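A.B. asks: File name protein_10.pdb; file contents PDB, C-alpha atoms; full text below.
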ATOM      1  CA  MET S1277      47.575 215.814 139.682
ATOM      2  CA  ASP S1278      48.862 215.688 143.190
ATOM      3  CA  ILE S1279      47.847 216.817 146.627
ATOM      4  CA  LYS S1280      49.952 218.521 149.260
ATOM      5  CA  VAL S1281      48.791 218.127 152.849
ATOM      6  CA  ASN S1282      49.976 220.263 155.739
ATOM      7  CA  VAL S1283      48.741 220.353 159.321
ATOM      8  CA  ARG S1284      48.963 223.372 161.644
ATOM      9  CA  GLU S1285      47.948 223.654 165.270
ATOM     10  CA  LEU S1286      46.258 226.845 166.438
ATOM     11  CA  ASN S1287      46.491 227.144 170.197
ATOM     12  CA  GLY S1288      43.992 229.715 171.408
ATOM     13  CA  GLU S1289      40.939 229.506 173.633
ATOM     14  CA  ARG S1290      40.282 226.285 171.835
ATOM     15  CA  ASN S1291      42.942 224.140 170.213
ATOM     16  CA  ILE S1292      42.171 223.780 166.514
ATOM     17  CA  SER S1293      43.956 221.681 163.929
ATOM     18  CA  VAL S1294      44.038 223.252 160.484
ATOM     19  CA  VAL S1295      44.564 220.917 157.544
ATOM     20  CA  ASP S1296      45.814 222.784 154.476
ATOM     21  CA  LEU S1297      45.175 220.984 151.214
ATOM     22  CA  ASN S1298      46.759 222.089 147.975
ATOM     23  CA  GLY S1299      46.052 220.400 144.650
ATOM     24  CA  GLU S1300      43.439 217.955 143.413
ATOM     25  CA  ILE S1301      41.516 215.450 145.534
ATOM     26  CA  ASP S1302      40.444 212.402 143.573
ATOM     27  CA  VAL S1303      40.450 208.626 143.791
ATOM     28  CA  TYR S1304      44.255 208.614 143.547
ATOM     29  CA  THR S1305      45.079 211.359 146.041
ATOM     30  CA  SER S1306      42.245 211.036 148.582
ATOM     31  CA  PRO S1307      43.871 208.146 150.532
ATOM     32  CA  LYS S1308      46.664 210.558 151.533
ATOM     33  CA  VAL S1309      44.106 213.109 152.773
ATOM     34  CA  LYS S1310      42.163 210.399 154.601
ATOM     35  CA  GLU S1311      45.293 209.115 156.302
ATOM     36  CA  THR S1312      46.208 212.584 157.591
ATOM     37  CA  ILE S1313      42.714 213.366 158.872
ATOM     38  CA  MET S1314      42.239 209.984 160.531
ATOM     39  CA  GLU S1315      45.663 210.160 162.185
ATOM     40  CA  LEU S1316      44.770 213.579 163.594
ATOM     41  CA  ILE S1317      41.475 212.296 164.972
ATOM     42  CA  ASP S1318      43.086 209.157 166.384
ATOM     43  CA  ALA S1319      45.580 211.430 168.160
ATOM     44  CA  GLY S1320      42.697 213.214 169.893
ATOM     45  CA  HIS S1321      42.212 216.253 167.642
ATOM     46  CA  TYR S1322      38.462 216.709 167.350
ATOM     47  CA  ALA S1323      38.280 220.383 166.303
ATOM     48  CA  LEU S1324      39.289 220.505 162.660
ATOM     49  CA  VAL S1325      39.357 223.201 160.019
ATOM     50  CA  ILE S1326      40.043 221.822 156.562
ATOM     51  CA  ASN S1327      41.274 224.549 154.252
ATOM     52  CA  LEU S1328      40.281 223.900 150.633
ATOM     53  CA  GLU S1329      41.272 227.368 149.350
ATOM     54  CA  ASN S1330      44.042 225.877 147.219
ATOM     55  CA  VAL S1331      42.103 222.838 146.075
ATOM     56  CA  ARG S1332      41.326 223.048 142.378
ATOM     57  CA  TYR S1333      39.261 219.875 142.103
ATOM     58  CA  ILE S1334      37.420 217.450 144.355
ATOM     59  CA  ASP S1335      35.398 214.361 143.476
ATOM     60  CA  SER S1336      33.146 212.004 145.410
ATOM     61  CA  THR S1337      36.050 210.124 146.957
ATOM     62  CA  GLY S1338      37.312 213.432 148.381
ATOM     63  CA  LEU S1339      33.840 214.271 149.653
ATOM     64  CA  GLY S1340      33.730 210.791 151.178
ATOM     65  CA  VAL S1341      36.918 211.468 153.103
ATOM     66  CA  LEU S1342      35.507 214.728 154.482
ATOM     67  CA  ILE S1343      32.225 213.023 155.469
ATOM     68  CA  GLY S1344      34.161 210.183 157.105
ATOM     69  CA  GLY S1345      36.211 212.675 159.101
ATOM     70  CA  LEU S1346      33.125 214.560 160.192
ATOM     71  CA  LYS S1347      31.398 211.379 161.342
ATOM     72  CA  ARG S1348      34.472 210.356 163.315
ATOM     73  CA  VAL S1349      34.919 213.671 165.154
ATOM     74  CA  ARG S1350      31.202 213.826 165.942
ATOM     75  CA  GLU S1351      31.601 210.568 167.854
ATOM     76  CA  HIS S1352      33.786 212.636 170.175
ATOM     77  CA  SER S1353      31.523 215.704 170.137
ATOM     78  CA  GLY S1354      33.941 217.381 167.757
ATOM     79  CA  ALA S1355      33.375 219.447 164.633
ATOM     80  CA  VAL S1356      34.774 220.059 161.162
ATOM     81  CA  ASN S1357      34.533 223.360 159.337
ATOM     82  CA  LEU S1358      35.706 223.948 155.798
ATOM     83  CA  VAL S1359      37.310 226.937 154.099
ATOM     84  CA  CYS S1360      36.246 227.086 150.468
ATOM     85  CA  THR S1361      36.145 229.899 147.931
ATOM     86  CA  ASN S1362      36.246 228.000 144.638
ATOM     87  CA  PRO S1363      32.784 228.353 143.007
ATOM     88  CA  GLN S1364      32.955 224.972 141.283
ATOM     89  CA  ILE S1365      33.764 223.175 144.525
ATOM     90  CA  LYS S1366      31.072 225.141 146.355
ATOM     91  CA  LYS S1367      28.664 223.993 143.671
ATOM     92  CA  ILE S1368      29.547 220.351 144.366
ATOM     93  CA  PHE S1369      28.861 220.846 148.078
ATOM     94  CA  ASP S1370      25.604 222.510 147.147
ATOM     95  CA  ILE S1371      24.434 219.790 144.721
ATOM     96  CA  THR S1372      25.194 217.014 147.183
ATOM     97  CA  GLY S1373      23.516 218.783 150.094
ATOM     98  CA  LEU S1374      26.762 218.848 152.048
ATOM     99  CA  VAL S1375      26.338 222.599 152.618
ATOM    100  CA  LYS S1376      23.817 221.570 155.267
ATOM    101  CA  ILE S1377      26.234 219.160 156.923
ATOM    102  CA  PHE S1378      29.459 221.173 156.952
ATOM    103  CA  GLY S1379      30.104 224.715 158.044
ATOM    104  CA  ILE S1380      31.644 226.267 154.924
ATOM    105  CA  TYR S1381      33.410 229.619 155.212
ATOM    106  CA  ASP S1382      35.263 231.984 152.902
ATOM    107  CA  THR S1383      38.110 232.570 155.350
ATOM    108  CA  GLU S1384      40.081 230.495 157.798
ATOM    109  CA  ALA S1385      39.329 233.031 160.526
ATOM    110  CA  GLY S1386      35.598 232.579 159.945
ATOM    111  CA  ALA S1387      35.891 228.805 159.986
ATOM    112  CA  CYS S1388      37.836 228.878 163.262
ATOM    113  CA  GLU S1389      35.569 231.394 164.991
ATOM    114  CA  ASN S1390      32.454 229.395 164.234
ATOM    115  CA  LEU S1391      33.856 225.959 165.048
TER
ATOM    116  CA  MET J 764      44.443 229.614 120.462
ATOM    117  CA  ARG J 765      43.083 227.079 118.049
ATOM    118  CA  GLU J 766      39.816 227.770 116.337
ATOM    119  CA  PRO J 767      36.770 225.926 117.714
ATOM    120  CA  ILE J 768      35.927 222.821 115.732
ATOM    121  CA  ALA J 769      33.434 223.716 112.998
ATOM    122  CA  LEU J 770      30.140 222.036 113.749
ATOM    123  CA  HIS J 771      27.962 222.763 110.759
ATOM    124  CA  GLN J 772      27.435 219.288 109.350
ATOM    125  CA  THR J 773      24.467 217.047 110.014
ATOM    126  CA  ALA J 774      24.354 215.218 113.306
ATOM    127  CA  GLU J 775      25.063 211.856 111.701
ATOM    128  CA  SER J 776      28.050 212.855 109.618
ATOM    129  CA  ALA J 777      29.573 215.248 112.103
ATOM    130  CA  ALA J 778      30.209 212.674 114.771
ATOM    131  CA  ASN J 779      33.890 213.135 115.456
ATOM    132  CA  VAL J 780      34.897 210.469 117.909
ATOM    133  CA  VAL J 781      37.900 210.583 120.197
ATOM    134  CA  GLU J 782      38.746 207.477 122.181
ATOM    135  CA  LEU J 783      41.049 206.926 125.112
ATOM    136  CA  ARG J 784      41.853 203.662 126.843
ATOM    137  CA  ILE J 785      43.366 203.867 130.316
ATOM    138  CA  PRO J 786      44.567 201.132 132.676
ATOM    139  CA  SER J 787      42.004 200.369 135.370
ATOM    140  CA  LYS J 788      44.089 202.150 138.012
ATOM    141  CA  ALA J 789      43.386 205.222 140.128
ATOM    142  CA  GLU J 790      46.423 207.170 138.929
ATOM    143  CA  TRP J 791      45.022 207.297 135.371
ATOM    144  CA  VAL J 792      41.685 208.916 136.194
ATOM    145  CA  GLY J 793      43.278 212.368 136.171
ATOM    146  CA  VAL J 794      44.528 211.789 132.630
ATOM    147  CA  ALA J 795      41.032 210.825 131.467
ATOM    148  CA  ARG J 796      39.353 213.889 132.946
ATOM    149  CA  LEU J 797      41.980 216.247 131.548
ATOM    150  CA  ALA J 798      41.684 214.664 128.113
ATOM    151  CA  VAL J 799      37.915 215.132 128.113
ATOM    152  CA  ALA J 800      38.332 218.702 129.351
ATOM    153  CA  GLY J 801      40.701 219.334 126.461
ATOM    154  CA  ILE J 802      38.190 217.965 123.970
ATOM    155  CA  ALA J 803      35.330 219.973 125.481
ATOM    156  CA  SER J 804      37.403 223.142 125.464
ATOM    157  CA  ARG J 805      37.826 222.805 121.695
ATOM    158  CA  LEU J 806      34.064 223.011 121.416
ATOM    159  CA  GLN J 807      32.216 225.979 122.799
ATOM    160  CA  PHE J 808      31.364 224.708 126.245
ATOM    161  CA  SER J 809      31.518 227.170 129.104
ATOM    162  CA  ILE J 810      34.161 226.734 131.778
ATOM    163  CA  GLU J 811      31.450 225.589 134.185
ATOM    164  CA  ASP J 812      30.197 222.947 131.757
ATOM    165  CA  ILE J 813      33.748 221.732 131.160
ATOM    166  CA  GLU J 814      34.207 221.358 134.926
ATOM    167  CA  ASP J 815      30.945 219.389 135.079
ATOM    168  CA  LEU J 816      32.161 217.092 132.295
ATOM    169  CA  LYS J 817      35.516 216.585 133.988
ATOM    170  CA  LEU J 818      33.884 215.536 137.224
ATOM    171  CA  ALA J 819      31.277 213.291 135.588
ATOM    172  CA  VAL J 820      33.914 211.465 133.521
ATOM    173  CA  ALA J 821      36.174 211.077 136.539
ATOM    174  CA  GLU J 822      33.309 209.680 138.609
ATOM    175  CA  ALA J 823      32.442 207.199 135.874
ATOM    176  CA  CYS J 824      36.075 206.063 135.581
ATOM    177  CA  THR J 825      36.352 205.812 139.364
ATOM    178  CA  ASN J 826      33.276 203.590 139.472
ATOM    179  CA  CYS J 827      34.792 201.330 136.828
ATOM    180  CA  ILE J 828      38.063 201.080 138.724
ATOM    181  CA  GLN J 829      36.524 200.559 142.158
ATOM    182  CA  HIS J 830      33.608 198.289 141.323
ATOM    183  CA  ALA J 831      34.325 196.446 138.111
ATOM    184  CA  THR J 832      36.211 193.397 139.231
ATOM    185  CA  GLY J 833      38.365 191.724 136.651
ATOM    186  CA  SER J 834      38.565 194.667 134.285
ATOM    187  CA  GLU J 835      42.027 195.685 133.125
ATOM    188  CA  ALA J 836      41.127 198.811 131.186
ATOM    189  CA  VAL J 837      38.578 201.590 130.960
ATOM    190  CA  LEU J 838      37.556 202.870 127.547
ATOM    191  CA  ILE J 839      36.456 206.505 127.281
ATOM    192  CA  SER J 840      34.855 207.592 124.050
ATOM    193  CA  CYS J 841      33.775 211.141 123.200
ATOM    194  CA  ALA J 842      31.427 211.658 120.266
ATOM    195  CA  ILE J 843      31.419 215.300 119.248
ATOM    196  CA  LEU J 844      28.135 216.367 117.680
ATOM    197  CA  PRO J 845      26.930 219.807 116.606
ATOM    198  CA  ASP J 846      24.881 220.431 119.698
ATOM    199  CA  LYS J 847      26.324 218.072 122.273
ATOM    200  CA  ILE J 848      29.109 215.819 123.442
ATOM    201  CA  VAL J 849      28.291 212.192 124.186
ATOM    202  CA  VAL J 850      30.795 210.469 126.439
ATOM    203  CA  THR J 851      30.754 206.737 127.031
ATOM    204  CA  VAL J 852      32.794 205.105 129.760
ATOM    205  CA  GLN J 853      33.053 201.358 129.543
ATOM    206  CA  ASP J 854      34.751 198.578 131.435
ATOM    207  CA  SER J 855      34.842 194.850 130.968
ATOM    208  CA  GLY J 856      34.217 193.868 134.580
ATOM    209  CA  LYS J 857      31.167 192.624 136.417
ATOM    210  CA  GLY J 858      29.625 196.052 136.739
ATOM    211  CA  PHE J 859      28.112 198.284 139.379
ATOM    212  CA  ALA J 860      24.466 199.022 140.042
ATOM    213  CA  GLY J 861      23.847 202.636 139.208
ATOM    214  CA  ILE J 862      20.318 202.383 137.920
ATOM    215  CA  GLY J 863      18.595 202.055 141.266
ATOM    216  CA  ILE J 864      20.014 205.253 142.707
ATOM    217  CA  ALA J 865      17.582 208.152 142.993
ATOM    218  CA  PRO J 866      18.537 210.984 140.646
ATOM    219  CA  LYS J 867      17.819 214.157 142.540
ATOM    220  CA  GLU J 868      17.440 213.335 146.176
ATOM    221  CA  LEU J 869      19.949 212.793 148.888
ATOM    222  CA  GLY J 870      19.062 212.054 152.461
ATOM    223  CA  GLU J 871      21.779 211.708 155.032
ATOM    224  CA  PRO J 872      24.915 211.756 152.889
ATOM    225  CA  LYS J 873      26.821 208.520 152.877
ATOM    226  CA  VAL J 874      30.426 207.899 152.000
ATOM    227  CA  GLY J 875      29.462 205.851 148.939
ATOM    228  CA  GLY J 876      26.894 206.526 146.231
ATOM    229  CA  LEU J 877      27.796 210.162 145.680
ATOM    230  CA  GLY J 878      29.585 209.482 142.412
ATOM    231  CA  VAL J 879      26.554 208.295 140.459
ATOM    232  CA  PHE J 880      24.442 211.000 142.059
ATOM    233  CA  LEU J 881      26.917 213.626 140.833
ATOM    234  CA  ILE J 882      26.983 212.190 137.318
ATOM    235  CA  ARG J 883      23.201 212.347 137.129
ATOM    236  CA  SER J 884      23.175 215.878 138.505
ATOM    237  CA  LEU J 885      25.906 217.306 136.277
ATOM    238  CA  MET J 886      25.048 215.736 132.926
ATOM    239  CA  ASP J 887      21.938 216.326 130.828
ATOM    240  CA  ASP J 888      21.281 212.686 130.036
ATOM    241  CA  VAL J 889      22.694 209.494 131.553
ATOM    242  CA  ASP J 890      22.143 205.916 130.516
ATOM    243  CA  TYR J 891      23.563 202.610 131.756
ATOM    244  CA  GLU J 892      23.943 199.320 130.016
ATOM    245  CA  LEU J 893      24.689 196.585 132.509
ATOM    246  CA  ASN J 894      25.902 193.340 131.060
ATOM    247  CA  PRO J 895      27.245 190.650 133.392
ATOM    248  CA  GLU J 896      29.281 189.231 130.530
ATOM    249  CA  SER J 897      30.748 192.271 128.819
ATOM    250  CA  GLY J 898      30.791 194.863 131.618
ATOM    251  CA  THR J 899      29.177 198.211 132.245
ATOM    252  CA  LYS J 900      28.726 200.963 129.694
ATOM    253  CA  LEU J 901      27.718 204.398 130.883
ATOM    254  CA  THR J 902      26.635 206.922 128.276
ATOM    255  CA  MET J 903      26.287 210.548 129.279
ATOM    256  CA  THR J 904      25.397 213.591 127.262
ATOM    257  CA  LYS J 905      26.039 217.271 127.738
ATOM    258  CA  PHE J 906      24.329 219.726 125.416
ATOM    259  CA  LEU J 907      25.918 222.932 124.230
ATOM    260  CA  ARG J 908      23.992 225.863 125.631
ATOM    261  CA  THR J 909      23.167 228.534 123.100
TER
END
Could you express the structure from this file as structure tokens?

C.D. replies:
Amino acid sequence: MDIKVNVRELNGERNISVVDLNGEIDVYTSPKVKETIMELIDAGHYALVINLENVRYIDSTGLGVLIGGLKRVREHSGAVNLVCTNPQIKKIFDITGLVKIFGIYDTEAGACENL
Amino acid sequence: MREPIALHQTAESAANVVELRIPSKAEWVGVARLAVAGIASRLQFSIEDIEDLKLAVAEACTNCIQHATGSEAVLISCAILPDKIVVTVQDSGKGFAGIGIAPKELGEPKVGGLGVFLIRSLMDDVDYELNPESGTKLTMTKFLRT
């Protein structure tokens, strides 16, 4: 019950920050995710891809962190796309209507291309 | 693998109850959801239903921890019946208002309020008892699909 957070910078036509998350995002681990995302945004990174491929579980506090990040980057005309292949996590995005708010892609390449 | 628990008695007599009391701290929510998943996996719930239960229980515990001021522990109780599992999550704090939240509609998603919405969406039946003196008790039911 832990989360590993890693940030990569992709320098192409557009500079994109990729946040790799590995583990479970819940009330205990989400502050660490929030801290990383908010630090990135505060440092001027407004094009984010959050990779959830290795996330096994997410709850409402995790969703809250993603929504908070999206709201913050939108203030700077930025965007957040997600990479997600886990059917259970996709279901949560579907139930909550967040599929309409986030761009959700099966691959990192897709998430970056459509950012 | 262990055999599934035999569920051929009457509803009243077959109520096997498993209880877990966790400190009202975020780091214990994971233990509660894994315990409930373990119980549900001994029944004949599908993997998807077990995931639903895990999330609903975790959301209920999270609500207790975040909103029940003055509560030191969260009590999780699982009653195992022939056709369903009934999970109650109870704290002894001042409670949170879950009743007024619409069950199946979400407008512009907000940071808060998603937890109760998820519980209502993932479980078959949800009931709250709000008592300013004794705390909040959330009872949620998931039926076995045949």

A.B. asks: To one decimal place in Å, what is the distance between CA of Ile1380 (chain S) and CA of Met886 (chain J)?

C.D. replies: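 Between CA of Ile1380 (chain S) and CA of Met886 (chain J) the gap works out to 25.3 Å.
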
A.B. asks: Can you tell me which residues surround Asp1335 (chain S) at a distance of at most 12 Å, considering all atoms listed in the file, apart from same-chain residues fewer than 6 positions away, and format the answer as a VMD selection string?

C.D. replies: (chain S and resid 1300 to 1306 1341 to 1342 1364 to 1369 1372) or (chain J and resid 792 to 793 796 814 to 826 874 to 882)

A.B. asks: My list of candidates is S:Ile1377, S:Leu1324, S:Ile1343, S:Ile1334. Which is closest to Glu1389 (chain S) when distances are computed with only C-alpha atoms?

C.D. replies: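 Once distances to Glu1389 (chain S) are computed over only C-alpha atoms, the minimum belongs to S:Leu1324.
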
A.B. asks: Go through S:Ile1292, S:Leu1346, S:Met1314, S:Cys1360 and flag the residue nearest chain J, using all atoms listed in the file for the distances.

C.D. replies: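 Nearest candidate to chain J out of S:Ile1292, S:Leu1346, S:Met1314, S:Cys1360: S:Leu1346.
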
A.B. asks: Residues near Ala1323 (chain S), anyone? I mean within 9 Å using all atoms listed in the file, not counting same-chain ones fewer than 4 positions away, as a JSON list (two decimals) with C-alpha atoms, in the frame of the given file.

C.D. replies:
[["chain", "number", "residue", "atom", "x", "y", "z"],
["S", 1290, "ARG", "CA", 40.28, 226.28, 171.84],
["S", 1291, "ASN", "CA", 42.94, 224.14, 170.21],
["S", 1292, "ILE", "CA", 42.17, 223.78, 166.51],
["S", 1293, "SER", "CA", 43.96, 221.68, 163.93],
["S", 1294, "VAL", "CA", 44.04, 223.25, 160.48],
["S", 1317, "ILE", "CA", 41.48, 212.30, 164.97],
["S", 1349, "VAL", "CA", 34.92, 213.67, 165.15],
["S", 1354, "GLY", "CA", 33.94, 217.38, 167.76],
["S", 1355, "ALA", "CA", 33.38, 219.45, 164.63],
["S", 1356, "VAL", "CA", 34.77, 220.06, 161.16],
["S", 1357, "ASN", "CA", 34.53, 223.36, 159.34],
["S", 1391, "LEU", "CA", 33.86, 225.96, 165.05]]

A.B. asks: In Å to one decimal, how far is CA of Leu838 (chain J) from CA of Pro786 (chain J)?

C.D. replies: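 Computed distance, CA of Pro786 (chain J) to CA of Leu838 (chain J), equals 8.9 Å.
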
A.B. asks: Compare J:Lys905, J:Arg883, J:Ile843, J:Ser855 by their minimum atom-to-atom distance to Arg805 (chain J), counting all atoms listed in the file, and give me the closest one.

C.D. replies: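 Looking at the shortest contact to Arg805 (chain J), the residue is J:Ile843.
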
A.B. asks: If we count all atoms listed in the file, what is near Ile802 (chain J) at a cut-off of 10 Å, once residues fewer than 6 positions away on the same chain are taken out, given as a PyMOL selection string?

C.D. replies: chain J and resi 768+781+796+808+813+841-843+848

A.B. asks: Taking all atoms listed in the file into account, which of S:Pro1363, S:Gly1340, S:Thr1383, S:Asn1298 comes nearest chain J?

C.D. replies: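 Using all atoms listed in the file, chain J sits closest to S:Gly1340.
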
A.B. asks: Record the distance separating CA of Gly898 (chain J) and CA of Gln853 (chain J), expressed in Å with one decimal.

C.D. replies: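 Taking CA of Gly898 (chain J) as the start and CA of Gln853 (chain J) as the end point, the length is 7.2 Å.
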
A.B. asks: Closest to chain S among J:Val799, J:Leu806, J:Val852, J:Leu885, using all atoms listed in the file?

C.D. replies: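 Checking each of J:Val799, J:Leu806, J:Val852, J:Leu885 against chain S, counting all atoms listed in the file, the winner is J:Leu885.
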
A.B. asks: Of the candidates S:Gly1345, S:Lys1280, S:Ser1336, S:Asp1296, which shows the shortest atom-to-atom distance to Lys1310 (chain S), using all atoms listed in the file?

C.D. replies: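 That would be S:Gly1345, the residue with the smallest distance to Lys1310 (chain S).
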